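Enquirer: Please see the structure below; I have some questions.
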Amino acid sequence: MRVIILESAADIAVQAGNIFVELLKEKPDAVLGLATGATPVPTYKYLIDCYNKGKVSFKDAVSFNLDEYIGLNKEHPNSYYFFMMDMLFSHVNMRKDMIHVPNGVAEDIEKECRDYDALIEQFGGIYVQLLGIGTNGHIGFNEPSDAFSEGTYVTDLTKSTIESNKIYFPNGDMPTKAITMGIGSIMKAKKVILIATGHSKAKAIKAMIEGEVTPSCPASILQKHSDAVIFLDRDAASLLA
Ligand code: PGA
């Protein structure tokens with residue numbers, strides 16, 4: 001793991017964003033692994049800015065998002081599909097049919113999981129996977145558990161994740177299950193970028209970087225990835241030795 005500590009979320013956005021800009025320059029049809037949450041928003045804003053300045057094109061790019069809530073369709077304002085359209089895709093020249101987010105309302109959800117993994121493989125695998133981290137050490141919706149997951153699957157959200165995300169559901173109707181790429185899927189990406197900002201992430205970051213590799217901190221598996229870059233602000237890095 002390469003750990004890079006920067007001054008601000010804006011600096012992280014530029015550095016993380018530039019990895020995608022450079023990748024798309026070299027390989028315009030690259031397969032991008034993308035994430036939702038508050039942390040990647042500045043990175044997406046930076047990418048939109050680069051697109052508006054003619055520095056990057058998404059014309060031939062392909063994307064796969066990590067996860068989606070079970071029970072929310074694409075049009076639901078809290079769905080991750082909606083989030084991605086709103087925060088990035090509707091502002092750049094990405095082809096709509098090249099945008100992939102797991103379908104949280106699939107009739108046969110087990111088939112949806114298998115098909116999602118197969119489609120990633122069909123496109124040749126993910127080049128760069130962007131990740132946030134939960135306060136409990138989750139990546140995607142891979143919650144702390146007894147074993148590392150493999151491919152895409154359906155998971156129950158933990159209390160801590162529900163606590164962190166319920167602010168987005170003021171009517172108290174936050175889903176309690178999600179479909180998520182597994183740890184195995186994430187580890188297959190050629191490069192992984194994890195970004196974290198703020199004090200609330202400091203404990204999870206310490207466990208991920210300095211703790212043992214354990215499914216009780218799913219992000220700790222990144223210690224075993226051959227090309228994982230971790231961008232932190234000072235607050236997120238504040239508990240590191
Ligand atoms: P956040 O979520 O960026 O909204 O903090 C990160 C995550 O839960 O993976």
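A note on labels: chains of the structure tokens are A, B, ... as shown, every chain counts residues from 1, and ligands are counted from 1 in their shown order.
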Taking only C-alpha atoms and all ligand atoms into account, list the residues no farther than 9 Å from ligand 1, as a count of residues only.

Expert: 27

Enquirer: Write out as JSON, numbers by chain which residues come within 10 Å of A:Ala106 when counting only C-alpha atoms, dropping same-chain ones fewer than 6 positions away.

Expert: {"A": [70, 71, 72, 73, 112, 113]}

Enquirer: Name the residues of stretch 26-241 of chain A that come out as helix (DSSP H, G or I) in a backbone DSSP run; write them as a PDB file with N, CA and C atoms, in the first residue's frame.

Expert:
```pdb
ATOM      1  N   GLU A  26      -4.326   7.503 -21.865  1.00  0.00           N
ATOM      2  CA  GLU A  26      -3.575   6.346 -22.361  1.00  0.00           C
ATOM      3  C   GLU A  26      -4.483   5.289 -22.956  1.00  0.00           C
ATOM      4  N   VAL A  41     -17.182  12.885  -4.005  1.00  0.00           N
ATOM      5  CA  VAL A  41     -17.847  13.991  -4.710  1.00  0.00           C
ATOM      6  C   VAL A  41     -16.842  15.043  -5.239  1.00  0.00           C
ATOM      7  N   PRO A  42     -15.879  15.503  -4.428  1.00  0.00           N
ATOM      8  CA  PRO A  42     -14.907  16.471  -4.977  1.00  0.00           C
ATOM      9  C   PRO A  42     -14.092  15.898  -6.146  1.00  0.00           C
ATOM     10  N   THR A  43     -13.810  14.601  -6.112  1.00  0.00           N
ATOM     11  CA  THR A  43     -13.080  13.976  -7.229  1.00  0.00           C
ATOM     12  C   THR A  43     -13.940  14.037  -8.494  1.00  0.00           C
ATOM     13  N   TYR A  44     -15.225  13.754  -8.363  1.00  0.00           N
ATOM     14  CA  TYR A  44     -16.114  13.810  -9.532  1.00  0.00           C
ATOM     15  C   TYR A  44     -16.252  15.249 -10.034  1.00  0.00           C
ATOM     16  N   LYS A  45     -16.293  16.204  -9.103  1.00  0.00           N
ATOM     17  CA  LYS A  45     -16.359  17.625  -9.528  1.00  0.00           C
ATOM     18  C   LYS A  45     -15.102  17.983 -10.321  1.00  0.00           C
ATOM     19  N   TYR A  46     -13.970  17.512  -9.846  1.00  0.00           N
ATOM     20  CA  TYR A  46     -12.704  17.783 -10.537  1.00  0.00           C
ATOM     21  C   TYR A  46     -12.719  17.147 -11.933  1.00  0.00           C
ATOM     22  N   LEU A  47     -13.230  15.931 -12.034  1.00  0.00           N
ATOM     23  CA  LEU A  47     -13.279  15.257 -13.345  1.00  0.00           C
ATOM     24  C   LEU A  47     -14.212  16.010 -14.306  1.00  0.00           C
ATOM     25  N   ILE A  48     -15.328  16.527 -13.782  1.00  0.00           N
ATOM     26  CA  ILE A  48     -16.252  17.306 -14.626  1.00  0.00           C
ATOM     27  C   ILE A  48     -15.539  18.566 -15.113  1.00  0.00           C
ATOM     28  N   ASP A  49     -14.786  19.177 -14.213  1.00  0.00           N
ATOM     29  CA  ASP A  49     -14.034  20.383 -14.577  1.00  0.00           C
ATOM     30  C   ASP A  49     -13.004  20.068 -15.672  1.00  0.00           C
ATOM     31  N   CYS A  50     -12.307  18.948 -15.516  1.00  0.00           N
ATOM     32  CA  CYS A  50     -11.314  18.537 -16.538  1.00  0.00           C
ATOM     33  C   CYS A  50     -12.021  18.284 -17.870  1.00  0.00           C
ATOM     34  N   TYR A  51     -13.180  17.664 -17.812  1.00  0.00           N
ATOM     35  CA  TYR A  51     -13.948  17.396 -19.044  1.00  0.00           C
ATOM     36  C   TYR A  51     -14.336  18.713 -19.710  1.00  0.00           C
ATOM     37  N   ASN A  52     -14.828  19.663 -18.918  1.00  0.00           N
ATOM     38  CA  ASN A  52     -15.252  20.967 -19.486  1.00  0.00           C
ATOM     39  C   ASN A  52     -14.084  21.725 -20.094  1.00  0.00           C
ATOM     40  N   TYR A  80     -27.971   4.669  -5.904  1.00  0.00           N
ATOM     41  CA  TYR A  80     -26.600   5.006  -6.293  1.00  0.00           C
ATOM     42  C   TYR A  80     -26.498   5.264  -7.800  1.00  0.00           C
ATOM     43  N   TYR A  81     -27.417   4.679  -8.558  1.00  0.00           N
ATOM     44  CA  TYR A  81     -27.460   5.011  -9.995  1.00  0.00           C
ATOM     45  C   TYR A  81     -27.768   6.501 -10.151  1.00  0.00           C
ATOM     46  N   PHE A  82     -28.793   6.945  -9.436  1.00  0.00           N
ATOM     47  CA  PHE A  82     -29.200   8.354  -9.492  1.00  0.00           C
ATOM     48  C   PHE A  82     -28.038   9.252  -9.051  1.00  0.00           C
ATOM     49  N   PHE A  83     -27.389   8.856  -7.977  1.00  0.00           N
ATOM     50  CA  PHE A  83     -26.245   9.616  -7.452  1.00  0.00           C
ATOM     51  C   PHE A  83     -25.159   9.777  -8.517  1.00  0.00           C
ATOM     52  N   MET A  84     -24.836   8.683  -9.191  1.00  0.00           N
ATOM     53  CA  MET A  84     -23.757   8.744 -10.192  1.00  0.00           C
ATOM     54  C   MET A  84     -24.135   9.629 -11.373  1.00  0.00           C
ATOM     55  N   MET A  85     -25.410   9.552 -11.784  1.00  0.00           N
ATOM     56  CA  MET A  85     -25.858  10.416 -12.882  1.00  0.00           C
ATOM     57  C   MET A  85     -25.750  11.877 -12.457  1.00  0.00           C
ATOM     58  N   ASP A  86     -26.209  12.124 -11.248  1.00  0.00           N
ATOM     59  CA  ASP A  86     -26.275  13.482 -10.722  1.00  0.00           C
ATOM     60  C   ASP A  86     -24.879  14.072 -10.492  1.00  0.00           C
ATOM     61  N   MET A  87     -23.982  13.272  -9.947  1.00  0.00           N
ATOM     62  CA  MET A  87     -22.671  13.778  -9.523  1.00  0.00           C
ATOM     63  C   MET A  87     -21.616  13.735 -10.624  1.00  0.00           C
ATOM     64  N   PHE A  89     -22.041  11.443 -14.272  1.00  0.00           N
ATOM     65  CA  PHE A  89     -22.283  11.009 -15.647  1.00  0.00           C
ATOM     66  C   PHE A  89     -23.098  11.994 -16.482  1.00  0.00           C
ATOM     67  N   SER A  90     -24.068  12.667 -15.867  1.00  0.00           N
ATOM     68  CA  SER A  90     -24.897  13.570 -16.688  1.00  0.00           C
ATOM     69  C   SER A  90     -24.122  14.831 -17.080  1.00  0.00           C
ATOM     70  N   HIS A  91     -22.924  15.009 -16.511  1.00  0.00           N
ATOM     71  CA  HIS A  91     -22.131  16.203 -16.810  1.00  0.00           C
ATOM     72  C   HIS A  91     -20.977  15.934 -17.769  1.00  0.00           C
ATOM     73  N   LYS A  96     -24.453   6.150 -22.011  1.00  0.00           N
ATOM     74  CA  LYS A  96     -25.353   5.632 -20.974  1.00  0.00           C
ATOM     75  C   LYS A  96     -25.309   4.104 -20.880  1.00  0.00           C
ATOM     76  N   ASP A  97     -25.148   3.452 -22.054  1.00  0.00           N
ATOM     77  CA  ASP A  97     -25.141   1.985 -22.023  1.00  0.00           C
ATOM     78  C   ASP A  97     -23.810   1.418 -21.526  1.00  0.00           C
ATOM     79  N   MET A  98     -22.844   2.284 -21.247  1.00  0.00           N
ATOM     80  CA  MET A  98     -21.567   1.818 -20.698  1.00  0.00           C
ATOM     81  C   MET A  98     -21.481   2.060 -19.189  1.00  0.00           C
ATOM     82  N   ILE A 109     -32.228 -11.663  -8.002  1.00  0.00           N
ATOM     83  CA  ILE A 109     -31.075 -10.893  -7.522  1.00  0.00           C
ATOM     84  C   ILE A 109     -29.789 -11.732  -7.553  1.00  0.00           C
ATOM     85  N   GLU A 110     -29.932 -13.061  -7.361  1.00  0.00           N
ATOM     86  CA  GLU A 110     -28.746 -13.928  -7.422  1.00  0.00           C
ATOM     87  C   GLU A 110     -28.168 -13.935  -8.833  1.00  0.00           C
ATOM     88  N   LYS A 111     -29.072 -13.926  -9.810  1.00  0.00           N
ATOM     89  CA  LYS A 111     -28.635 -13.894 -11.208  1.00  0.00           C
ATOM     90  C   LYS A 111     -27.990 -12.535 -11.501  1.00  0.00           C
ATOM     91  N   GLU A 112     -28.557 -11.486 -10.959  1.00  0.00           N
ATOM     92  CA  GLU A 112     -27.994 -10.139 -11.145  1.00  0.00           C
ATOM     93  C   GLU A 112     -26.537 -10.117 -10.644  1.00  0.00           C
ATOM     94  N   CYS A 113     -26.304 -10.751  -9.505  1.00  0.00           N
ATOM     95  CA  CYS A 113     -24.941 -10.799  -8.944  1.00  0.00           C
ATOM     96  C   CYS A 113     -23.996 -11.523  -9.904  1.00  0.00           C
ATOM     97  N   ARG A 114     -24.431 -12.693 -10.370  1.00  0.00           N
ATOM     98  CA  ARG A 114     -23.567 -13.492 -11.267  1.00  0.00           C
ATOM     99  C   ARG A 114     -23.324 -12.750 -12.570  1.00  0.00           C
ATOM    100  N   ASP A 115     -24.395 -12.119 -13.100  1.00  0.00           N
ATOM    101  CA  ASP A 115     -24.278 -11.406 -14.373  1.00  0.00           C
ATOM    102  C   ASP A 115     -23.344 -10.195 -14.243  1.00  0.00           C
ATOM    103  N   TYR A 116     -23.389  -9.538 -13.093  1.00  0.00           N
ATOM    104  CA  TYR A 116     -22.546  -8.345 -12.889  1.00  0.00           C
ATOM    105  C   TYR A 116     -21.068  -8.739 -12.944  1.00  0.00           C
ATOM    106  N   ASP A 117     -20.729  -9.813 -12.245  1.00  0.00           N
ATOM    107  CA  ASP A 117     -19.334 -10.295 -12.269  1.00  0.00           C
ATOM    108  C   ASP A 117     -18.929 -10.709 -13.680  1.00  0.00           C
ATOM    109  N   ALA A 118     -19.852 -11.397 -14.373  1.00  0.00           N
ATOM    110  CA  ALA A 118     -19.535 -11.881 -15.725  1.00  0.00           C
ATOM    111  C   ALA A 118     -19.309 -10.710 -16.678  1.00  0.00           C
ATOM    112  N   LEU A 119     -20.100  -9.650 -16.510  1.00  0.00           N
ATOM    113  CA  LEU A 119     -19.977  -8.486 -17.390  1.00  0.00           C
ATOM    114  C   LEU A 119     -18.636  -7.763 -17.170  1.00  0.00           C
ATOM    115  N   ILE A 120     -18.226  -7.665 -15.912  1.00  0.00           N
ATOM    116  CA  ILE A 120     -16.920  -7.037 -15.626  1.00  0.00           C
ATOM    117  C   ILE A 120     -15.823  -7.828 -16.339  1.00  0.00           C
ATOM    118  N   GLU A 121     -15.903  -9.141 -16.225  1.00  0.00           N
ATOM    119  CA  GLU A 121     -14.909 -10.008 -16.884  1.00  0.00           C
ATOM    120  C   GLU A 121     -14.943  -9.810 -18.395  1.00  0.00           C
ATOM    121  N   GLN A 122     -16.176  -9.734 -18.932  1.00  0.00           N
ATOM    122  CA  GLN A 122     -16.356  -9.589 -20.382  1.00  0.00           C
ATOM    123  C   GLN A 122     -15.683  -8.318 -20.911  1.00  0.00           C
ATOM    124  N   LYS A 159     -25.411  -1.969  11.697  1.00  0.00           N
ATOM    125  CA  LYS A 159     -25.965  -0.819  12.433  1.00  0.00           C
ATOM    126  C   LYS A 159     -25.142   0.425  12.156  1.00  0.00           C
ATOM    127  N   SER A 160     -23.811   0.292  12.151  1.00  0.00           N
ATOM    128  CA  SER A 160     -22.964   1.475  12.007  1.00  0.00           C
ATOM    129  C   SER A 160     -23.118   2.103  10.619  1.00  0.00           C
ATOM    130  N   THR A 161     -23.289   1.261   9.584  1.00  0.00           N
ATOM    131  CA  THR A 161     -23.506   1.799   8.234  1.00  0.00           C
ATOM    132  C   THR A 161     -24.864   2.483   8.160  1.00  0.00           C
ATOM    133  N   ILE A 162     -25.864   1.863   8.759  1.00  0.00           N
ATOM    134  CA  ILE A 162     -27.207   2.464   8.747  1.00  0.00           C
ATOM    135  C   ILE A 162     -27.155   3.803   9.491  1.00  0.00           C
ATOM    136  N   GLU A 163     -26.433   3.818  10.597  1.00  0.00           N
ATOM    137  CA  GLU A 163     -26.278   5.052  11.381  1.00  0.00           C
ATOM    138  C   GLU A 163     -25.605   6.147  10.533  1.00  0.00           C
ATOM    139  N   SER A 164     -24.545   5.778   9.784  1.00  0.00           N
ATOM    140  CA  SER A 164     -23.813   6.768   8.971  1.00  0.00           C
ATOM    141  C   SER A 164     -24.644   7.291   7.813  1.00  0.00           C
ATOM    142  N   ASN A 165     -25.465   6.433   7.205  1.00  0.00           N
ATOM    143  CA  ASN A 165     -26.140   6.825   5.953  1.00  0.00           C
ATOM    144  C   ASN A 165     -27.590   7.245   6.117  1.00  0.00           C
ATOM    145  N   LYS A 166     -28.120   7.097   7.337  1.00  0.00           N
ATOM    146  CA  LYS A 166     -29.567   7.362   7.478  1.00  0.00           C
ATOM    147  C   LYS A 166     -29.909   8.844   7.315  1.00  0.00           C
ATOM    148  N   ILE A 167     -28.901   9.715   7.429  1.00  0.00           N
ATOM    149  CA  ILE A 167     -29.147  11.152   7.197  1.00  0.00           C
ATOM    150  C   ILE A 167     -29.702  11.416   5.795  1.00  0.00           C
ATOM    151  N   TYR A 168     -29.393  10.499   4.861  1.00  0.00           N
ATOM    152  CA  TYR A 168     -29.881  10.679   3.486  1.00  0.00           C
ATOM    153  C   TYR A 168     -31.334  10.205   3.332  1.00  0.00           C
ATOM    154  N   ILE A 183     -15.181  -8.562  -1.983  1.00  0.00           N
ATOM    155  CA  ILE A 183     -13.758  -8.248  -1.780  1.00  0.00           C
ATOM    156  C   ILE A 183     -12.934  -8.864  -2.918  1.00  0.00           C
ATOM    157  N   GLY A 184     -13.313 -10.071  -3.331  1.00  0.00           N
ATOM    158  CA  GLY A 184     -12.594 -10.716  -4.442  1.00  0.00           C
ATOM    159  C   GLY A 184     -12.673  -9.885  -5.705  1.00  0.00           C
ATOM    160  N   SER A 185     -13.865  -9.318  -5.990  1.00  0.00           N
ATOM    161  CA  SER A 185     -14.030  -8.487  -7.189  1.00  0.00           C
ATOM    162  C   SER A 185     -13.124  -7.253  -7.083  1.00  0.00           C
ATOM    163  N   ILE A 186     -13.117  -6.626  -5.915  1.00  0.00           N
ATOM    164  CA  ILE A 186     -12.322  -5.396  -5.734  1.00  0.00           C
ATOM    165  C   ILE A 186     -10.832  -5.705  -5.885  1.00  0.00           C
ATOM    166  N   MET A 187     -10.400  -6.818  -5.319  1.00  0.00           N
ATOM    167  CA  MET A 187      -8.969  -7.168  -5.367  1.00  0.00           C
ATOM    168  C   MET A 187      -8.495  -7.482  -6.779  1.00  0.00           C
ATOM    169  N   LYS A 188      -9.449  -7.804  -7.683  1.00  0.00           N
ATOM    170  CA  LYS A 188      -9.053  -8.111  -9.066  1.00  0.00           C
ATOM    171  C   LYS A 188      -8.711  -6.858  -9.863  1.00  0.00           C
ATOM    172  N   HIS A 199     -11.932  13.114  10.698  1.00  0.00           N
ATOM    173  CA  HIS A 199     -11.655  12.367  11.924  1.00  0.00           C
ATOM    174  C   HIS A 199     -12.456  11.078  12.033  1.00  0.00           C
ATOM    175  N   SER A 200     -13.690  11.100  11.486  1.00  0.00           N
ATOM    176  CA  SER A 200     -14.566   9.933  11.668  1.00  0.00           C
ATOM    177  C   SER A 200     -13.973   8.677  11.022  1.00  0.00           C
ATOM    178  N   LYS A 201     -13.023   8.858  10.110  1.00  0.00           N
ATOM    179  CA  LYS A 201     -12.433   7.703   9.418  1.00  0.00           C
ATOM    180  C   LYS A 201     -11.100   7.261  10.033  1.00  0.00           C
ATOM    181  N   ALA A 202     -10.595   8.036  11.010  1.00  0.00           N
ATOM    182  CA  ALA A 202      -9.229   7.804  11.504  1.00  0.00           C
ATOM    183  C   ALA A 202      -9.027   6.393  12.075  1.00  0.00           C
ATOM    184  N   LYS A 203     -10.014   5.902  12.845  1.00  0.00           N
ATOM    185  CA  LYS A 203      -9.877   4.568  13.455  1.00  0.00           C
ATOM    186  C   LYS A 203      -9.837   3.474  12.397  1.00  0.00           C
ATOM    187  N   ALA A 204     -10.755   3.592  11.422  1.00  0.00           N
ATOM    188  CA  ALA A 204     -10.807   2.588  10.349  1.00  0.00           C
ATOM    189  C   ALA A 204      -9.515   2.621   9.534  1.00  0.00           C
ATOM    190  N   ILE A 205      -8.981   3.829   9.308  1.00  0.00           N
ATOM    191  CA  ILE A 205      -7.749   3.966   8.528  1.00  0.00           C
ATOM    192  C   ILE A 205      -6.576   3.318   9.263  1.00  0.00           C
ATOM    193  N   LYS A 206      -6.511   3.528  10.569  1.00  0.00           N
ATOM    194  CA  LYS A 206      -5.424   2.917  11.353  1.00  0.00           C
ATOM    195  C   LYS A 206      -5.519   1.392  11.274  1.00  0.00           C
ATOM    196  N   ALA A 207      -6.734   0.872  11.438  1.00  0.00           N
ATOM    197  CA  ALA A 207      -6.922  -0.585  11.380  1.00  0.00           C
ATOM    198  C   ALA A 207      -6.575  -1.119   9.993  1.00  0.00           C
ATOM    199  N   MET A 208      -6.950  -0.371   8.960  1.00  0.00           N
ATOM    200  CA  MET A 208      -6.685  -0.818   7.589  1.00  0.00           C
ATOM    201  C   MET A 208      -5.178  -0.880   7.298  1.00  0.00           C
ATOM    202  N   ILE A 209      -4.442   0.138   7.775  1.00  0.00           N
ATOM    203  CA  ILE A 209      -3.027   0.248   7.402  1.00  0.00           C
ATOM    204  C   ILE A 209      -2.108  -0.461   8.398  1.00  0.00           C
ATOM    205  N   GLU A 210      -2.432  -0.336   9.693  1.00  0.00           N
ATOM    206  CA  GLU A 210      -1.499  -0.838  10.706  1.00  0.00           C
ATOM    207  C   GLU A 210      -1.979  -2.108  11.405  1.00  0.00           C
ATOM    208  N   PRO A 218     -12.667  -5.056   6.676  1.00  0.00           N
ATOM    209  CA  PRO A 218     -12.559  -5.504   5.277  1.00  0.00           C
ATOM    210  C   PRO A 218     -11.501  -4.745   4.464  1.00  0.00           C
ATOM    211  N   ALA A 219     -11.330  -3.448   4.730  1.00  0.00           N
ATOM    212  CA  ALA A 219     -10.367  -2.657   3.948  1.00  0.00           C
ATOM    213  C   ALA A 219      -8.927  -3.116   4.169  1.00  0.00           C
ATOM    214  N   SER A 220      -8.670  -3.851   5.265  1.00  0.00           N
ATOM    215  CA  SER A 220      -7.290  -4.288   5.553  1.00  0.00           C
ATOM    216  C   SER A 220      -6.758  -5.215   4.459  1.00  0.00           C
ATOM    217  N   ILE A 221      -7.646  -5.826   3.690  1.00  0.00           N
ATOM    218  CA  ILE A 221      -7.220  -6.716   2.602  1.00  0.00           C
ATOM    219  C   ILE A 221      -6.352  -5.962   1.597  1.00  0.00           C
ATOM    220  N   LEU A 222      -6.526  -4.637   1.537  1.00  0.00           N
ATOM    221  CA  LEU A 222      -5.760  -3.853   0.548  1.00  0.00           C
ATOM    222  C   LEU A 222      -4.257  -3.897   0.835  1.00  0.00           C
ATOM    223  N   GLN A 223      -3.879  -4.299   2.050  1.00  0.00           N
ATOM    224  CA  GLN A 223      -2.444  -4.499   2.335  1.00  0.00           C
ATOM    225  C   GLN A 223      -1.868  -5.541   1.381  1.00  0.00           C
ATOM    226  N   LYS A 224      -2.728  -6.404   0.869  1.00  0.00           N
ATOM    227  CA  LYS A 224      -2.256  -7.485  -0.008  1.00  0.00           C
ATOM    228  C   LYS A 224      -2.404  -7.148  -1.491  1.00  0.00           C
TER     229      LYS A 224
END
```

Enquirer: Which is closest to A:Ala9 among A:Arg234, A:Asp29, A:Leu157, A:Val101, if we use only C-alpha atoms?

Expert: A:Arg234
